[in-house]
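Student: Below is the file work_1.cif, which contains mmCIF, C-alpha atoms.
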```cif
data_structure
#
loop_
_atom_site.label_atom_id
_atom_site.label_comp_id
_atom_site.auth_asym_id
_atom_site.auth_seq_id
_atom_site.Cartn_x
_atom_site.Cartn_y
_atom_site.Cartn_z
CA MET A 260 27.16 117.37 205.93
CA THR A 261 28.29 116.93 209.55
CA ARG A 262 29.02 120.22 211.33
CA THR A 263 31.67 120.28 214.06
CA THR A 264 31.82 122.76 216.95
CA THR A 265 34.80 122.80 219.32
CA THR A 266 34.89 124.37 222.78
CA ARG A 267 36.30 123.75 226.27
CA LEU A 268 34.93 122.34 229.53
CA ALA A 269 35.39 124.15 232.83
CA ASP A 270 38.70 122.41 233.62
CA GLY A 271 40.16 123.05 230.17
CA ARG A 272 39.37 119.73 228.49
CA GLU A 273 38.34 119.86 224.86
CA ILE A 274 34.80 118.94 223.79
CA LEU A 275 33.51 118.68 220.23
CA TYR A 276 29.91 118.52 219.03
CA PHE A 277 29.16 116.68 215.78
CA ASP A 278 25.73 117.60 214.41
CA ASP A 279 23.53 115.48 212.19
CA ALA A 280 23.00 116.96 208.74
CA GLY A 281 20.30 119.62 208.86
CA ARG A 282 20.48 120.49 212.57
CA ALA A 283 20.16 124.20 213.35
CA LYS A 284 23.26 125.82 214.84
CA ARG A 285 23.13 126.18 218.62
CA PRO A 286 23.66 129.47 220.48
CA ALA A 287 27.23 129.69 221.81
CA GLU A 288 25.94 130.31 225.34
CA SER A 289 24.29 126.88 225.40
CA LEU A 290 27.74 125.26 225.11
CA VAL A 291 29.33 126.98 228.14
CA ASP A 292 30.28 124.70 231.04
CA HIS A 293 29.17 126.50 234.21
CA ARG A 294 30.46 123.87 236.64
CA GLU A 295 33.22 124.47 239.16
CA LEU A 296 35.57 121.56 238.56
CA PRO A 297 38.79 120.63 240.35
CA ALA A 298 42.06 120.78 238.46
CA ARG A 299 42.79 117.89 236.17
CA PRO A 300 44.63 115.00 237.88
CA GLU A 301 48.32 114.52 237.45
CA PRO A 302 49.09 112.12 234.60
CA GLY A 303 49.73 108.48 235.31
CA GLN A 304 52.96 106.71 234.49
CA LEU A 305 54.23 104.47 231.74
CA ARG A 306 56.51 101.65 232.82
CA PHE A 307 58.52 99.50 230.45
CA ASP A 308 58.25 95.73 230.92
CA ALA A 309 61.71 94.54 229.88
CA LEU A 310 60.58 90.89 229.94
CA SER A 311 58.01 91.34 227.14
CA ARG A 312 59.30 94.68 225.79
CA GLU A 313 55.85 96.20 226.22
CA TRP A 314 54.70 99.44 227.84
CA VAL A 315 52.24 99.31 230.74
CA ALA A 316 50.21 102.33 231.87
CA VAL A 317 49.81 102.84 235.62
CA ALA A 318 46.76 105.04 236.23
CA ALA A 319 45.82 104.78 239.91
CA HIS A 320 43.72 107.97 239.72
CA ARG A 321 41.13 106.03 237.69
CA GLN A 322 40.05 104.17 240.81
CA THR A 323 37.75 107.09 241.61
CA ARG A 324 35.99 107.23 238.24
CA THR A 325 32.21 107.13 238.00
CA HIS A 326 30.75 103.62 238.12
CA LEU A 327 27.27 102.78 236.78
CA PRO A 328 25.42 105.82 238.18
CA PRO A 329 21.60 106.02 238.10
CA ALA A 330 20.05 107.66 235.05
CA ASP A 331 19.42 110.99 236.78
CA GLN A 332 23.15 111.25 237.58
CA CYS A 333 24.55 110.13 234.25
CA PRO A 334 27.63 112.25 233.40
CA ILE A 335 27.16 112.13 229.61
CA CYS A 336 23.47 112.90 229.30
CA PRO A 337 22.70 116.48 228.21
CA THR A 338 23.04 119.02 231.01
CA THR A 339 19.94 119.95 233.00
CA ALA A 340 19.42 122.22 236.01
CA ALA A 341 19.42 119.13 238.26
CA ASN A 342 22.32 117.33 236.59
CA GLN A 343 25.22 119.35 235.22
CA THR A 344 27.17 116.90 233.12
CA GLU A 345 30.24 116.52 230.93
CA VAL A 346 28.11 117.74 228.01
CA PRO A 347 27.01 121.33 228.76
CA ALA A 348 24.59 121.55 225.82
CA PRO A 349 20.94 120.88 226.73
CA ASP A 350 20.77 118.69 223.62
CA TYR A 351 23.28 117.22 221.19
CA ASP A 352 23.65 114.61 218.45
CA VAL A 353 27.17 113.24 218.99
CA ALA A 354 29.65 114.64 221.52
CA VAL A 355 33.35 113.83 221.90
CA PHE A 356 35.36 115.03 224.89
CA GLU A 357 38.56 114.34 226.75
CA ASN A 358 38.06 111.73 229.44
CA ARG A 359 38.00 113.19 232.94
CA PHE A 360 39.75 110.04 234.21
CA PRO A 361 42.21 109.25 231.41
CA SER A 362 44.55 106.29 231.22
CA LEU A 363 46.79 108.43 229.00
CA GLY A 364 47.33 112.18 228.78
CA PRO A 365 46.56 115.00 228.73
CA ASP A 366 50.04 115.88 227.38
CA THR A 367 51.23 114.35 224.13
CA ASN A 368 54.88 113.92 223.25
CA ALA A 369 57.41 111.22 222.47
CA ILE A 370 58.41 108.55 224.99
CA PRO A 371 61.92 107.04 225.38
CA ALA A 372 62.96 105.35 222.14
CA ALA A 373 65.38 102.83 223.70
CA PRO A 374 63.80 101.78 227.01
CA VAL A 375 65.38 99.29 229.39
CA TRP A 376 64.41 97.78 232.75
CA GLY A 377 63.36 100.60 235.08
CA THR A 378 62.45 103.06 232.31
CA THR A 379 59.43 105.20 233.14
CA ALA A 380 57.73 108.13 231.46
CA PRO A 381 54.63 110.24 232.02
CA ALA A 382 51.56 108.46 230.62
CA VAL A 383 51.27 110.78 227.64
CA GLY A 384 48.62 110.34 224.98
CA ARG A 385 44.94 111.10 224.71
CA CYS A 386 41.74 109.39 225.87
CA GLU A 387 38.39 110.61 224.58
CA VAL A 388 34.77 109.63 225.21
CA VAL A 389 32.36 109.45 222.26
CA ALA A 390 28.70 109.89 223.27
CA PHE A 391 26.67 108.40 220.42
CA THR A 392 23.33 109.94 221.40
CA PRO A 393 21.73 112.19 224.03
CA GLU A 394 19.41 109.30 224.95
CA HIS A 395 20.43 107.50 228.12
CA THR A 396 19.14 104.12 226.97
CA GLY A 397 19.54 102.20 223.73
CA SER A 398 22.54 101.06 221.76
CA PHE A 399 24.51 101.86 218.63
CA ALA A 400 22.26 99.48 216.72
CA ASP A 401 19.29 101.68 217.66
CA LEU A 402 20.71 104.95 216.33
CA GLY A 403 19.37 104.89 212.80
CA TRP A 404 21.38 105.52 209.65
CA ARG A 405 21.73 109.30 209.92
CA ARG A 406 23.09 109.27 213.48
CA ALA A 407 25.39 106.33 212.74
CA ARG A 408 26.73 108.32 209.79
CA THR A 409 27.47 111.24 212.10
CA VAL A 410 29.39 108.92 214.45
CA VAL A 411 31.43 107.61 211.51
CA ASP A 412 32.35 111.20 210.63
CA ALA A 413 33.26 111.86 214.27
CA TRP A 414 35.54 108.80 214.35
CA ALA A 415 37.20 109.90 211.11
CA HIS A 416 37.65 113.49 212.34
CA ARG A 417 39.18 112.41 215.63
CA THR A 418 41.42 109.83 213.95
CA GLU A 419 42.88 112.50 211.70
CA ALA A 420 43.23 115.10 214.47
CA LEU A 421 44.73 112.74 217.04
CA SER A 422 47.14 111.27 214.49
CA ALA A 423 48.59 114.76 214.04
CA LEU A 424 49.41 115.26 217.75
CA PRO A 425 53.08 115.10 218.82
CA GLY A 426 54.26 111.63 219.80
CA ILE A 427 51.10 109.73 218.86
CA GLN A 428 51.83 106.36 217.22
CA GLN A 429 48.42 104.70 217.03
CA VAL A 430 44.75 105.76 217.25
CA PHE A 431 42.19 103.21 218.46
CA PRO A 432 38.41 103.85 218.48
CA PHE A 433 36.42 101.20 220.33
CA GLU A 434 33.19 100.46 222.17
CA ASN A 435 32.71 98.23 225.20
CA ARG A 436 29.04 97.25 225.44
CA GLY A 437 27.45 95.49 228.43
CA PRO A 438 28.30 95.05 232.12
CA GLU A 439 29.84 91.67 231.29
CA ILE A 440 32.53 93.57 229.38
CA GLY A 441 33.13 95.96 232.27
CA VAL A 442 31.39 99.16 231.17
CA THR A 443 31.13 101.86 233.85
CA LEU A 444 28.36 103.91 232.19
CA HIS A 445 25.04 102.65 230.81
CA HIS A 446 24.70 105.55 228.35
CA PRO A 447 25.55 104.43 224.76
CA HIS A 448 29.10 105.56 224.16
CA GLY A 449 32.52 104.53 222.94
CA GLN A 450 36.08 105.69 223.47
CA ILE A 451 39.19 106.61 221.50
CA TYR A 452 42.73 106.00 222.73
CA ALA A 453 45.68 107.73 221.11
CA TYR A 454 48.79 105.83 222.19
CA PRO A 455 52.38 107.11 222.31
CA TYR A 456 53.55 103.63 221.29
CA VAL A 457 52.37 100.85 218.98
CA THR A 458 50.34 98.36 221.00
CA PRO A 459 51.39 94.68 221.03
CA ARG A 460 48.40 93.50 218.97
CA ALA A 461 48.83 96.25 216.37
CA ALA A 462 52.56 95.47 216.13
CA ALA A 463 51.85 91.78 215.50
CA LEU A 464 49.27 92.57 212.81
CA ALA A 465 51.58 95.10 211.18
CA ALA A 466 54.47 92.62 211.12
CA ALA A 467 52.34 89.94 209.43
CA ALA A 468 50.94 92.44 206.92
CA GLY A 469 54.39 93.87 206.17
CA GLN A 470 55.94 90.45 205.58
CA TYR A 471 53.11 89.41 203.24
CA PHE A 472 53.33 92.68 201.33
CA ALA A 473 57.08 92.33 200.89
CA ASN A 474 56.76 88.73 199.68
CA SER A 475 54.11 89.77 197.16
CA ASP A 476 56.48 92.36 195.68
CA GLY A 477 54.10 95.09 196.79
CA THR A 478 51.25 93.88 194.59
CA ALA A 479 48.87 92.51 197.23
CA THR A 480 48.02 93.11 200.87
CA LEU A 481 47.34 90.42 203.42
CA ALA A 482 43.91 91.83 204.29
CA ALA A 483 42.81 91.86 200.64
CA SER A 484 44.04 88.31 200.10
CA LEU A 485 42.25 87.03 203.20
CA LEU A 486 39.02 88.73 202.17
CA GLN A 487 39.29 87.21 198.69
CA ALA A 488 39.87 83.75 200.19
CA GLU A 489 36.89 84.08 202.54
CA ARG A 490 34.60 85.30 199.76
CA SER A 491 35.70 82.42 197.52
CA ASP A 492 35.12 79.85 200.29
CA GLY A 493 31.86 81.44 201.40
CA SER A 494 31.22 79.29 204.48
CA ARG A 495 32.18 82.02 206.92
CA MET A 496 30.79 85.04 205.07
CA VAL A 497 28.14 87.02 206.98
CA LEU A 498 27.26 89.86 204.63
CA GLU A 499 28.66 91.59 201.55
CA GLY A 500 28.18 95.14 200.36
CA GLU A 501 29.57 97.26 197.57
CA HIS A 502 32.39 98.67 199.71
CA PHE A 503 32.57 96.39 202.79
CA SER A 504 32.23 92.69 203.58
CA ALA A 505 31.95 90.88 206.92
CA TYR A 506 33.06 87.38 207.77
CA VAL A 507 33.90 85.16 210.73
CA PRO A 508 37.67 84.62 210.48
CA PHE A 509 38.95 81.12 209.75
CA ALA A 510 40.80 81.02 213.10
CA ALA A 511 38.37 83.07 215.23
CA ARG A 512 39.48 83.40 218.83
CA TRP A 513 36.14 84.35 220.42
CA PRO A 514 32.80 82.50 220.59
CA LEU A 515 31.30 85.34 218.53
CA GLU A 516 33.72 87.15 216.24
CA VAL A 517 33.22 89.01 212.97
CA HIS A 518 35.62 91.12 210.90
CA LEU A 519 34.17 93.95 208.82
CA VAL A 520 36.67 94.88 206.13
CA PRO A 521 36.66 97.55 203.40
CA HIS A 522 37.19 96.29 199.86
CA ARG A 523 39.62 99.13 199.18
CA GLN A 524 42.91 99.30 201.06
CA VAL A 525 42.65 102.18 203.50
CA PRO A 526 44.77 102.63 206.65
CA ASP A 527 42.10 104.20 208.84
CA LEU A 528 38.60 105.64 209.14
CA ALA A 529 39.78 109.08 208.05
CA ALA A 530 40.73 107.66 204.65
CA LEU A 531 37.20 106.41 203.84
CA ASP A 532 35.39 108.38 201.15
CA GLY A 533 31.78 109.52 201.35
CA GLU A 534 30.23 106.46 199.71
CA GLU A 535 32.23 104.11 201.95
CA ARG A 536 31.13 106.01 205.05
CA ASP A 537 27.52 105.88 203.86
CA GLU A 538 27.62 102.11 203.52
CA LEU A 539 29.48 101.62 206.79
CA ALA A 540 26.73 103.53 208.62
CA GLY A 541 24.28 100.89 207.43
CA LEU A 542 26.30 97.67 207.56
CA TYR A 543 27.87 98.16 210.98
CA PRO A 544 24.57 98.55 212.88
CA GLU A 545 23.24 95.56 210.92
CA LEU A 546 26.07 93.44 212.33
CA LEU A 547 25.28 94.65 215.83
CA ARG A 548 21.61 93.77 215.38
CA ARG A 549 22.59 90.28 214.27
CA PHE A 550 24.78 89.86 217.35
CA ASP A 551 21.77 90.77 219.47
CA ALA A 552 19.53 88.35 217.56
CA VAL A 553 21.69 85.32 218.36
CA TYR A 554 20.35 85.05 221.93
CA PRO A 555 17.15 86.18 223.70
CA THR A 556 18.90 89.07 225.49
CA PRO A 557 21.33 91.76 224.23
CA THR A 558 24.82 90.47 223.55
CA PRO A 559 27.83 92.06 225.28
CA TYR A 560 30.57 92.94 222.83
CA ILE A 561 33.80 94.77 222.12
CA ALA A 562 33.88 96.69 218.84
CA ALA A 563 37.55 97.31 218.07
CA TRP A 564 38.50 99.48 215.08
CA HIS A 565 41.96 98.31 214.02
CA GLN A 566 43.72 101.16 212.24
CA ALA A 567 47.23 101.10 210.81
CA PRO A 568 49.90 102.58 213.13
CA LEU A 569 51.36 105.89 212.00
CA ASP A 570 54.84 104.53 211.36
CA PRO A 571 55.20 104.71 207.53
CA ALA A 572 56.76 101.25 207.34
CA MET A 573 53.76 99.73 209.16
CA ARG A 574 51.22 101.91 207.41
CA ARG A 575 52.20 100.96 203.85
CA ALA A 576 50.58 97.52 204.10
CA GLY A 577 48.15 98.36 206.89
CA GLN A 578 44.41 97.90 206.54
CA LEU A 579 41.46 99.27 208.50
CA HIS A 580 39.09 96.63 209.82
CA LEU A 581 36.56 96.18 212.58
CA GLN A 582 36.97 93.24 214.94
CA LEU A 583 33.60 92.68 216.63
CA THR A 584 33.81 90.09 219.42
CA SER A 585 31.75 88.75 222.28
CA PRO A 586 32.74 86.36 225.09
CA ARG A 587 29.20 84.93 225.07
CA ARG A 588 29.38 81.22 224.18
CA ALA A 589 25.78 80.35 225.10
CA ALA A 590 22.65 82.13 226.27
CA ASP A 591 23.76 81.83 229.90
CA LYS A 592 27.53 81.27 229.59
CA LEU A 593 30.55 83.50 229.02
CA LYS A 594 34.01 82.58 227.79
CA TYR A 595 36.51 83.64 230.44
CA LEU A 596 40.13 84.26 229.54
CA ALA A 597 41.69 81.81 231.95
CA GLY A 598 45.05 80.05 232.04
CA SER A 599 45.82 79.39 228.38
CA GLU A 600 44.43 82.66 227.05
CA ALA A 601 45.38 85.05 229.87
CA ALA A 602 48.81 83.62 230.62
CA MET A 603 49.95 82.24 227.27
CA GLY A 604 47.88 84.24 224.78
CA ALA A 605 46.86 80.87 223.28
CA PHE A 606 43.13 80.98 222.56
CA ILE A 607 40.80 77.98 222.68
CA ASN A 608 37.47 78.66 221.00
CA ASP A 609 34.27 76.97 222.20
CA THR A 610 32.47 77.43 218.87
CA THR A 611 33.27 76.73 215.23
CA PRO A 612 33.62 79.75 212.93
CA GLU A 613 31.43 78.09 210.29
CA SER A 614 28.52 77.50 212.68
CA VAL A 615 28.75 81.07 214.01
CA ALA A 616 28.70 82.49 210.48
CA ALA A 617 25.72 80.32 209.59
CA ARG A 618 23.85 81.55 212.64
CA LEU A 619 24.63 85.19 211.85
CA ARG A 620 23.33 84.68 208.32
CA GLU A 621 20.25 82.89 209.66
CA VAL A 622 19.26 85.72 212.00
CA ALA A 623 19.36 88.37 209.27
CA GLY A 624 15.56 88.51 209.16
CA GLU A 625 15.24 88.41 212.94
CA ALA A 626 17.71 91.26 213.46
CA ALA A 627 15.09 93.90 212.68
CA GLY A 628 13.24 93.18 215.92
CA VAL A 629 16.06 93.08 218.45
CA GLY A 630 18.10 95.53 220.46
CA THR A 631 17.36 97.65 223.48
CA ALA A 632 14.77 99.72 221.62
CA ALA A 633 12.17 98.88 219.01
CA LEU A 634 13.84 98.55 215.62
CA SER A 635 12.43 98.53 212.13
CA SER A 636 13.95 96.69 209.18
CA PRO A 637 17.08 98.36 207.82
CA ALA A 638 16.14 100.94 205.22
CA PRO A 639 17.03 100.07 201.63
CA MET A 640 20.20 101.75 200.43
CA SER A 641 20.07 104.26 197.61
CA PRO A 642 22.84 104.31 194.97
CA GLU A 643 24.55 106.99 197.06
CA GLY A 644 24.54 104.70 200.09
CA ALA A 645 22.02 106.66 202.18
CA PRO A 646 18.60 105.24 203.10
CA ALA A 647 16.26 105.61 200.17
#
```
Just give me the structure as structure tokens.
Tutor:
Amino acid sequence: MTRTTTTRLADGREILYFDDAGRAKRPAESLVDHRELPARPEPGQLRFDALSREWVAVAAHRQTRTHLPPADQCPICPTTAANQTEVPAPDYDVAVFENRFPSLGPDTNAIPAAPVWGTTAPAVGRCEVVAFTPEHTGSFADLGWRRARTVVDAWAHRTEALSALPGIQQVFPFENRGPEIGVTLHHPHGQIYAYPYVTPRAAALAAAAGQYFANSDGTATLAASLLQAERSDGSRMVLEGEHFSAYVPFAARWPLEVHLVPHRQVPDLAALDGEERDELAGLYPELLRRFDAVYPTPTPYIAAWHQAPLDPAMRRAGQLHLQLTSPRRAADKLKYLAGSEAAMGAFINDTTPESVAARLREVAGEAAGVGTAALSSPAPMSPEGAPA
């Protein structure tokens, strides 16, 4: 069972350690942050765009954030005498801490409910960093089942805790992987944003899900119906498990795009039971390995965990799913969001979903040998979902 330890960094930010099952408890002294840090920056600002009725965060203080430092100066490696980092422990499994350069936060409370042109508010909310491993190199696909399972527990813990904070409307765990995506740290890590509003994409998904649910008299969800249709068709399926299935969506926007969907309707990661988390810790890294097997070099990606907003009306028909995307359309080419996509939100895909799904099925055997570290074949799953 994952053990969680919570403490504070020198400037008051919260940090949590999530330990793999079986790890010995650390001495409390090893978790003390001995750095002398400046006071936390003043929060940014939220501005309401009356033209689109969307909130925009203005966070100029992030211009000074760390950008691709050398390994011996990495801020999320374990602390050493020569490099005192954001993680005071000399070793850890998974660490989650408040971002030192947050887009939102640190305060959490409600924002104006009826904004108009000129409406502003402090950029409340929460931004956290999730360090997947103490190792500076590698990737999520390299972690192994046990560590991936610890990360799943960390995501679930933080989803539940952040959802309970005042004013939070949506919790979004994600990972940006690769310089092509814009990462600022090489160390394998992800982030979690807790928004004080429902984001435009989440609002659109919730509206579609709510309308479908209402039209079905509350007997079927949109996500379940889409999964059933994809499994019946079969041409875009990538893999199927007992609790999760993955497919390339019929109208995929990105050159590489896969949705990983639970078979049971759950609103978020916190609602997954133990067996579902066990399987997720195996299937998700398998998808990442297949992404890396498509081309000769590691594939940049965005792993976006879509969770239902906290509004009860949106949550009733909401469904957790992973949207794994990459802008890579060829070994040496990226898909850029230019005029149609960036200005109009009208995507034009350079690949066919059926051919991408076929390729991701084809590389299943090759996926064991790719990634940024040597990988072995995925361990067989026991009836309980853990590696046998």
Student: Can you write out as JSON lines which residues of region 334-362 of chain A fall within 12 Å of region 385-388 of chain A, alongside each residue's closest atom pair and its distance in Å to one decimal, counting all atoms listed in the file and ordering rows by chain and ascending residue number?
Tutor:
```
{"residue": "A:Pro334", "atom": "CA", "partner": "A:Val388", "partner_atom": "CA", "distance": 11.2}
{"residue": "A:Ile335", "atom": "CA", "partner": "A:Val388", "partner_atom": "CA", "distance": 9.1}
{"residue": "A:Glu345", "atom": "CA", "partner": "A:Val388", "partner_atom": "CA", "distance": 10.0}
{"residue": "A:Val346", "atom": "CA", "partner": "A:Val388", "partner_atom": "CA", "distance": 10.9}
{"residue": "A:Val353", "atom": "CA", "partner": "A:Val388", "partner_atom": "CA", "distance": 10.5}
{"residue": "A:Ala354", "atom": "CA", "partner": "A:Val388", "partner_atom": "CA", "distance": 8.1}
{"residue": "A:Val355", "atom": "CA", "partner": "A:Val388", "partner_atom": "CA", "distance": 5.5}
{"residue": "A:Phe356", "atom": "CA", "partner": "A:Glu387", "partner_atom": "CA", "distance": 5.4}
{"residue": "A:Glu357", "atom": "CA", "partner": "A:Glu387", "partner_atom": "CA", "distance": 4.3}
{"residue": "A:Asn358", "atom": "CA", "partner": "A:Glu387", "partner_atom": "CA", "distance": 5.0}
{"residue": "A:Arg359", "atom": "CA", "partner": "A:Glu387", "partner_atom": "CA", "distance": 8.8}
{"residue": "A:Phe360", "atom": "CA", "partner": "A:Cys386", "partner_atom": "CA", "distance": 8.6}
{"residue": "A:Pro361", "atom": "CA", "partner": "A:Cys386", "partner_atom": "CA", "distance": 5.6}
{"residue": "A:Ser362", "atom": "CA", "partner": "A:Cys386", "partner_atom": "CA", "distance": 6.8}
```
Student: Any idea what the distance is between CA of Arg460 (chain A) and CA of Gln304 (chain A)?
Tutor: 20.9 Å
Student: Given the point (19.6, 107.2, 216.4) in the file's coordinates, find the residues that have an atom at most 12 Å from it, counting all atoms listed in the file, and give them as an NGL selection string.
Tutor: :A and (279 or 351-353 or 390-410 or 447 or 540-541 or 544 or 632-634)
Student: For the file shown, what are the residues hit by the PyMOL selection byres ((chain A and resi 379) around 8), laid out as a compact mmCIF listing (two decimals) with C-alpha atoms, in the frame of the given file?
Tutor:
```txt
# COMPACT_ATOMS: atom_id res chain seq x y z
CA GLN A 304 52.96 106.71 234.49
CA LEU A 305 54.23 104.47 231.74
CA ARG A 306 56.51 101.65 232.82
CA PHE A 307 58.52 99.50 230.45
CA GLY A 377 63.36 100.60 235.08
CA THR A 378 62.45 103.06 232.31
CA ALA A 380 57.73 108.13 231.46
CA PRO A 381 54.63 110.24 232.02
```
Student: Report as a ChimeraX atom specification the full result of the PyMOL selection byres ((chain A and resi 585-591) around 6) when it is applied to this structure.
Tutor: /A:514-515,554,559-560,584,592-594
Student: Skipping near chain neighbours, those fewer than 2 positions away, what residues fall within 6 Å of Ala318 (chain A) using only C-alpha atoms, listed as a compact mmCIF listing (two decimals) with C-alpha atoms, in the coordinates of the input?
Tutor:
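File written: part-v3.txt
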```txt
# COMPACT_ATOMS: atom_id res chain seq x y z
CA GLY A 303 49.73 108.48 235.31
CA HIS A 320 43.72 107.97 239.72
CA ARG A 321 41.13 106.03 237.69
CA SER A 362 44.55 106.29 231.22
```
Student: Please check which residues have atoms at most 12 Å from (51.9, 110.5, 226.7) in the file's coordinates, counting only C-alpha atoms, and write them as a PyMOL selection string.
Tutor: chain A and resi 302-306+314-317+361-371+379-386+424-429+452-456
Student: I'd like the residues picked by the PyMOL selection byres ((chain A and resi 485-489) around 10) written out as a list in words, using the chain letters and numbers from the file.
Tutor: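 Applied to this file, the PyMOL selection byres ((chain A and resi 485-489) around 10) returns Thr480, Leu481, Ala482, Ala483, Ser484, Arg490, Ser491, Asp492, Gly493, Ser494, Arg495, Met496, Ser504, Ala505, Tyr506, Val507, Pro508, Phe509, His518, Leu519, Val520, Pro521 and His522 of chain A.
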Student: May I have the residues from that selection written out with C-alpha atoms, as an mmCIF file, in the coordinates of the input?
Tutor:
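After the write, part.cif holds the following:
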```
data_model
loop_
_atom_site.group_PDB
_atom_site.id
_atom_site.type_symbol
_atom_site.label_atom_id
_atom_site.label_comp_id
_atom_site.auth_asym_id
_atom_site.auth_seq_id
_atom_site.Cartn_x
_atom_site.Cartn_y
_atom_site.Cartn_z
ATOM 1 C CA THR A 480 48.020 93.110 200.870
ATOM 2 C CA LEU A 481 47.340 90.420 203.420
ATOM 3 C CA ALA A 482 43.910 91.830 204.290
ATOM 4 C CA ALA A 483 42.810 91.860 200.640
ATOM 5 C CA SER A 484 44.040 88.310 200.100
ATOM 6 C CA ARG A 490 34.600 85.300 199.760
ATOM 7 C CA SER A 491 35.700 82.420 197.520
ATOM 8 C CA ASP A 492 35.120 79.850 200.290
ATOM 9 C CA GLY A 493 31.860 81.440 201.400
ATOM 10 C CA SER A 494 31.220 79.290 204.480
ATOM 11 C CA ARG A 495 32.180 82.020 206.920
ATOM 12 C CA MET A 496 30.790 85.040 205.070
ATOM 13 C CA SER A 504 32.230 92.690 203.580
ATOM 14 C CA ALA A 505 31.950 90.880 206.920
ATOM 15 C CA TYR A 506 33.060 87.380 207.770
ATOM 16 C CA VAL A 507 33.900 85.160 210.730
ATOM 17 C CA PRO A 508 37.670 84.620 210.480
ATOM 18 C CA PHE A 509 38.950 81.120 209.750
ATOM 19 C CA HIS A 518 35.620 91.120 210.900
ATOM 20 C CA LEU A 519 34.170 93.950 208.820
ATOM 21 C CA VAL A 520 36.670 94.880 206.130
ATOM 22 C CA PRO A 521 36.660 97.550 203.400
ATOM 23 C CA HIS A 522 37.190 96.290 199.860
#
```
Student: Hey, can you check how far CA of Pro571 (chain A) sits from CA of Gln524 (chain A)?
Tutor: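 For CA of Pro571 (chain A) relative to CA of Gln524 (chain A), the distance reads 14.9 Å.
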Student: Quick one: of A:Ser599, A:Thr339, A:Thr558, A:Thr263, who's nearest to Tyr276 (chain A), counting only C-alpha atoms?
Tutor: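 Residue with the minimum atom-to-atom distance to Tyr276 (chain A): A:Thr263.
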Student: Rank nothing, just name the residue among A:Gln566, A:Asn435, A:Thr261, A:Ser289 nearest to Phe277 (chain A), using all atoms listed in the file.
Tutor: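 Closest to Phe277 (chain A), using all atoms listed in the file: A:Thr261.
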Student: Please report the interatomic distance between CA of Ala298 (chain A) and CA of Leu275 (chain A) in Å with one decimal.
Tutor: 20.2 Å
Student: Counting only C-alpha atoms, figure out which residue out of A:Ala562, A:Leu327, A:Ala605, A:Ala511 gets nearest to Gly449 (chain A).
Tutor: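 Using only C-alpha atoms, Gly449 (chain A) sits closest to A:Ala562.
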Student: With all atoms listed in the file as the basis for distance, which of A:Phe503, A:Trp513, A:Phe472, A:Trp414 is at the shortest distance from Val615 (chain A)?
Tutor: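 Under the stated criterion, the closest residue is A:Trp513.
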Student: Please put the answer as lines of an AutoDock Vina configuration file: centre and edge lengths, in Å with one decimal, of a box along x, y and z that encloses all listed atoms of region 520-529 of chain A plus 8 Å on each side.
Tutor:
```
center_x = 40.7
center_y = 102.0
center_z = 204.2
size_x = 24.1
size_y = 30.2
size_z = 26.0
```
Student: Looking at only C-alpha atoms, which of A:Asn608, A:Ile561, A:Thr443, A:Arg548 is the one that sits closest to Pro328 (chain A)?
Tutor: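 The closest residue to Pro328 (chain A) is A:Thr443.
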Student: Measuring between only C-alpha atoms, which one of A:Leu546, A:Gln582, A:Arg575, A:Asp412 shows the shortest distance to Glu434 (chain A)?
Tutor: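 Looking at the shortest contact to Glu434 (chain A), the residue is A:Gln582.
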Student: Name all residues at most 8 Å from Arg512 (chain A) (count only C-alpha atoms; drop same-chain ones fewer than 3 positions away) and give them as a count of residues only.
Tutor: 4
